[in-house]
Amino acid sequence: MNWEYRIMNRKSKDASGEAFEWLEIHEIYYDSKGNIEGHTENGVAVGGSNLEELEIDLNHMLEALKKPILDLEEE
C-alpha cells in the first residue's frame, strides 16, 4: 500500500448548525491500482527524531500543496 500527504477540505457544522470548512493535511492511502483506499481520520502533525527527519516530513507536506484538494464530508 502506498501513501502520501494530501490537503483535505473538511466540510462540517458547528454546534449551532452553522456550516464551515477547514483545510488539513492527511495521510492518504492508495491501493495497488492507485485508487484512494483510505485516509487518516484527523489531520497529521509534523514529526521526526531529528531536524533532518523533520525537514523531510515538512517537505513531503509542502508537496501536498501542489496537488488538488480532496473533499471530506462529515455528518
# chains A, B, ... in the order shown; residues from 1 in each chain; ligands from 1
>>> residues_around(residues="Tyr30 in chain A", least_positions_apart="3", cutoff="12 Å", atoms="only C-alpha atoms", output="list in words")
Met1, Asn2, Trp3, Glu4, Tyr5, Arg6, Glu27, Lys33, Gly34, Asn35, Ile36, Glu37, Gly38 and His39 of chain A
>>> write_last_selection(atoms="N, CA and C atoms", output="short mmCIF file (atom, residue, chain, number, x, y, z; two decimals), in the first residue's frame")
data_model
loop_
_atom_site.label_atom_id
_atom_site.label_comp_id
_atom_site.auth_asym_id
_atom_site.auth_seq_id
_atom_site.Cartn_x
_atom_site.Cartn_y
_atom_site.Cartn_z
N MET A 1 0.84 -1.17 0.00
CA MET A 1 0.00 0.00 0.00
C MET A 1 0.89 1.24 0.00
N ASN A 2 0.57 2.17 -0.88
CA ASN A 2 1.29 3.44 -0.96
C ASN A 2 0.50 4.52 -0.24
N TRP A 3 1.19 5.57 0.17
CA TRP A 3 0.52 6.68 0.80
C TRP A 3 1.26 7.97 0.49
N GLU A 4 0.59 9.09 0.71
CA GLU A 4 1.19 10.40 0.57
C GLU A 4 0.37 11.38 1.39
N TYR A 5 0.95 12.54 1.63
CA TYR A 5 0.21 13.61 2.28
C TYR A 5 -0.63 14.33 1.24
N ARG A 6 -1.86 14.69 1.62
CA ARG A 6 -2.73 15.49 0.76
C ARG A 6 -3.51 16.46 1.64
N GLU A 27 -2.81 11.86 5.79
CA GLU A 27 -2.17 10.78 5.06
C GLU A 27 -3.28 10.10 4.24
N LYS A 33 -3.76 -0.15 -7.52
CA LYS A 33 -4.12 0.48 -8.79
C LYS A 33 -4.08 2.00 -8.71
N GLY A 34 -3.68 2.53 -7.55
CA GLY A 34 -3.58 3.98 -7.41
C GLY A 34 -4.87 4.66 -6.98
N ASN A 35 -5.88 3.87 -6.62
CA ASN A 35 -7.14 4.43 -6.15
C ASN A 35 -7.06 4.71 -4.65
N ILE A 36 -7.71 5.78 -4.21
CA ILE A 36 -7.71 6.10 -2.79
C ILE A 36 -8.46 5.00 -2.04
N GLU A 37 -7.78 4.46 -1.04
CA GLU A 37 -8.34 3.37 -0.25
C GLU A 37 -8.77 3.85 1.14
N GLY A 38 -8.14 4.92 1.63
CA GLY A 38 -8.48 5.43 2.95
C GLY A 38 -7.63 6.63 3.30
N HIS A 39 -7.88 7.16 4.48
CA HIS A 39 -7.12 8.33 4.96
C HIS A 39 -7.16 8.37 6.47
#
>>> residues_around(residues="range 17-22 of chain A", least_positions_apart="3", cutoff="12 Å", atoms="only C-alpha atoms", output="list in words")
Ile7, Met8, Asn9, Arg10, Lys11, Ser12, Lys13, Asp14, Ile25, Asn42, Gly43, Ile69, Leu70, Asp71, Leu72, Glu73, Glu74 and Glu75 of chain A
>>> select_by_dssp(residues="chain A", states="helix (DSSP H, G or I)", output="short mmCIF file (atom, residue, chain, number, x, y, z; two decimals) with N, CA and C atoms, in the first residue's frame")
data_model
loop_
_atom_site.label_atom_id
_atom_site.label_comp_id
_atom_site.auth_asym_id
_atom_site.auth_seq_id
_atom_site.Cartn_x
_atom_site.Cartn_y
_atom_site.Cartn_z
N LEU A 51 16.30 16.99 13.35
CA LEU A 51 15.94 18.10 12.46
C LEU A 51 15.89 17.68 10.99
N GLU A 52 16.77 16.80 10.59
CA GLU A 52 16.77 16.34 9.20
C GLU A 52 15.48 15.61 8.87
N GLU A 53 15.04 14.72 9.74
CA GLU A 53 13.78 14.00 9.52
C GLU A 53 12.59 14.95 9.54
N LEU A 54 12.64 15.93 10.42
CA LEU A 54 11.58 16.93 10.49
C LEU A 54 11.49 17.72 9.18
N GLU A 55 12.63 18.09 8.63
CA GLU A 55 12.66 18.82 7.36
C GLU A 55 12.13 17.95 6.22
N ILE A 56 12.49 16.68 6.20
CA ILE A 56 11.99 15.77 5.16
C ILE A 56 10.47 15.67 5.24
N ASP A 57 9.94 15.52 6.46
CA ASP A 57 8.50 15.41 6.63
C ASP A 57 7.80 16.70 6.18
N LEU A 58 8.36 17.84 6.56
CA LEU A 58 7.79 19.12 6.13
C LEU A 58 7.79 19.26 4.61
N ASN A 59 8.87 18.85 3.97
CA ASN A 59 8.95 18.94 2.51
C ASN A 59 7.91 18.05 1.84
N HIS A 60 7.67 16.86 2.40
CA HIS A 60 6.61 15.99 1.85
C HIS A 60 5.25 16.66 2.01
N MET A 61 5.03 17.32 3.13
CA MET A 61 3.76 18.02 3.34
C MET A 61 3.61 19.19 2.37
N LEU A 62 4.70 19.91 2.12
CA LEU A 62 4.65 21.02 1.17
C LEU A 62 4.29 20.54 -0.24
N GLU A 63 4.70 19.33 -0.60
CA GLU A 63 4.34 18.77 -1.90
C GLU A 63 2.83 18.64 -2.05
N ALA A 64 2.13 18.43 -0.93
CA ALA A 64 0.66 18.29 -0.96
C ALA A 64 0.00 19.58 -1.44
#
>>> atom_distance(atom1="CA of His26 in chain A", atom2="CA of Val46 in chain A")
10.9 Å
>>> select_by_dssp(residues="chain A", states="strand (DSSP E)", output="JSON, numbers by chain")
{"A": [2, 3, 4, 5, 6, 7, 8, 9, 10, 11, 12, 13, 19, 20, 21, 22, 23, 24, 25, 26, 27, 28, 29, 30, 36, 37, 38, 39, 70, 71, 72, 73]}
>>> atom_distance(atom1="CA of Ala45 in chain A", atom2="CA of Tyr29 in chain A")
16.7 Å
>>> decode(residues="chain A", atoms="C-alpha atoms", output="PDB file, in the first residue's frame")
ATOM      1  CA  MET A   1       0.000   0.000   0.000  1.00  0.00           C
ATOM      2  CA  ASN A   2       1.288   3.443  -0.957  1.00  0.00           C
ATOM      3  CA  TRP A   3       0.516   6.685   0.802  1.00  0.00           C
ATOM      4  CA  GLU A   4       1.186  10.405   0.569  1.00  0.00           C
ATOM      5  CA  TYR A   5       0.210  13.610   2.278  1.00  0.00           C
ATOM      6  CA  ARG A   6      -2.730  15.491   0.763  1.00  0.00           C
ATOM      7  CA  ILE A   7      -4.771  18.521   1.731  1.00  0.00           C
ATOM      8  CA  MET A   8      -8.347  17.676   2.680  1.00  0.00           C
ATOM      9  CA  ASN A   9     -11.186  20.157   2.882  1.00  0.00           C
ATOM     10  CA  ARG A  10     -13.294  19.135   5.869  1.00  0.00           C
ATOM     11  CA  LYS A  11     -16.897  20.314   5.483  1.00  0.00           C
ATOM     12  CA  SER A  12     -18.805  20.171   8.724  1.00  0.00           C
ATOM     13  CA  LYS A  13     -21.223  22.019  11.001  1.00  0.00           C
ATOM     14  CA  ASP A  14     -20.554  23.575  14.368  1.00  0.00           C
ATOM     15  CA  ALA A  15     -22.735  23.065  17.460  1.00  0.00           C
ATOM     16  CA  SER A  16     -25.195  25.732  16.282  1.00  0.00           C
ATOM     17  CA  GLY A  17     -25.565  24.042  12.874  1.00  0.00           C
ATOM     18  CA  GLU A  18     -23.516  26.663  11.037  1.00  0.00           C
ATOM     19  CA  ALA A  19     -21.599  25.155   8.095  1.00  0.00           C
ATOM     20  CA  PHE A  20     -17.840  25.667   7.896  1.00  0.00           C
ATOM     21  CA  GLU A  21     -14.814  24.361   6.017  1.00  0.00           C
ATOM     22  CA  TRP A  22     -11.330  23.583   7.361  1.00  0.00           C
ATOM     23  CA  LEU A  23      -8.200  22.559   5.439  1.00  0.00           C
ATOM     24  CA  GLU A  24      -5.897  19.943   6.978  1.00  0.00           C
ATOM     25  CA  ILE A  25      -3.058  17.709   5.863  1.00  0.00           C
ATOM     26  CA  HIS A  26      -3.922  13.982   5.980  1.00  0.00           C
ATOM     27  CA  GLU A  27      -2.173  10.778   5.056  1.00  0.00           C
ATOM     28  CA  ILE A  28      -3.978   9.295   2.041  1.00  0.00           C
ATOM     29  CA  TYR A  29      -3.642   5.578   1.345  1.00  0.00           C
ATOM     30  CA  TYR A  30      -3.825   4.058  -2.142  1.00  0.00           C
ATOM     31  CA  ASP A  31      -4.486   0.536  -3.385  1.00  0.00           C
ATOM     32  CA  SER A  32      -2.231  -1.206  -5.905  1.00  0.00           C
ATOM     33  CA  LYS A  33      -4.116   0.477  -8.790  1.00  0.00           C
ATOM     34  CA  GLY A  34      -3.584   3.983  -7.405  1.00  0.00           C
ATOM     35  CA  ASN A  35      -7.140   4.433  -6.154  1.00  0.00           C
ATOM     36  CA  ILE A  36      -7.713   6.097  -2.793  1.00  0.00           C
ATOM     37  CA  GLU A  37      -8.341   3.369  -0.245  1.00  0.00           C
ATOM     38  CA  GLY A  38      -8.481   5.427   2.948  1.00  0.00           C
ATOM     39  CA  HIS A  39      -7.124   8.325   4.957  1.00  0.00           C
ATOM     40  CA  THR A  40      -6.278   9.315   8.493  1.00  0.00           C
ATOM     41  CA  GLU A  41      -9.332  10.378  10.467  1.00  0.00           C
ATOM     42  CA  ASN A  42      -7.671  13.572  11.673  1.00  0.00           C
ATOM     43  CA  GLY A  43      -5.037  15.865  10.239  1.00  0.00           C
ATOM     44  CA  VAL A  44      -1.445  14.858  10.934  1.00  0.00           C
ATOM     45  CA  ALA A  45       1.361  16.641  12.781  1.00  0.00           C
ATOM     46  CA  VAL A  46       4.900  17.182  11.552  1.00  0.00           C
ATOM     47  CA  GLY A  47       7.383  14.865  13.228  1.00  0.00           C
ATOM     48  CA  GLY A  48      10.842  13.385  13.183  1.00  0.00           C
ATOM     49  CA  SER A  49      13.503  12.116  15.543  1.00  0.00           C
ATOM     50  CA  ASN A  50      15.922  14.856  14.461  1.00  0.00           C
ATOM     51  CA  LEU A  51      15.941  18.098  12.463  1.00  0.00           C
ATOM     52  CA  GLU A  52      16.774  16.338   9.197  1.00  0.00           C
ATOM     53  CA  GLU A  53      13.782  13.997   9.516  1.00  0.00           C
ATOM     54  CA  LEU A  54      11.583  16.932  10.488  1.00  0.00           C
ATOM     55  CA  GLU A  55      12.665  18.816   7.359  1.00  0.00           C
ATOM     56  CA  ILE A  56      11.989  15.770   5.165  1.00  0.00           C
ATOM     57  CA  ASP A  57       8.497  15.412   6.635  1.00  0.00           C
ATOM     58  CA  LEU A  58       7.787  19.124   6.131  1.00  0.00           C
ATOM     59  CA  ASN A  59       8.948  18.936   2.512  1.00  0.00           C
ATOM     60  CA  HIS A  60       6.613  15.994   1.855  1.00  0.00           C
ATOM     61  CA  MET A  61       3.761  18.022   3.337  1.00  0.00           C
ATOM     62  CA  LEU A  62       4.652  21.022   1.171  1.00  0.00           C
ATOM     63  CA  GLU A  63       4.338  18.769  -1.904  1.00  0.00           C
ATOM     64  CA  ALA A  64       0.662  18.291  -0.958  1.00  0.00           C
ATOM     65  CA  LEU A  65       0.094  21.998  -1.670  1.00  0.00           C
ATOM     66  CA  LYS A  66       0.829  21.337  -5.351  1.00  0.00           C
ATOM     67  CA  LYS A  67      -1.946  18.727  -5.711  1.00  0.00           C
ATOM     68  CA  PRO A  68      -5.724  19.111  -5.913  1.00  0.00           C
ATOM     69  CA  ILE A  69      -7.555  19.433  -2.595  1.00  0.00           C
ATOM     70  CA  LEU A  70      -9.656  16.427  -1.625  1.00  0.00           C
ATOM     71  CA  ASP A  71     -13.107  16.884  -0.047  1.00  0.00           C
ATOM     72  CA  LEU A  72     -14.090  15.204   3.215  1.00  0.00           C
ATOM     73  CA  GLU A  73     -17.783  15.391   4.093  1.00  0.00           C
ATOM     74  CA  GLU A  74     -18.686  14.960   7.744  1.00  0.00           C
ATOM     75  CA  GLU A  75     -22.042  14.301   9.361  1.00  0.00           C
TER      76      GLU A  75
END
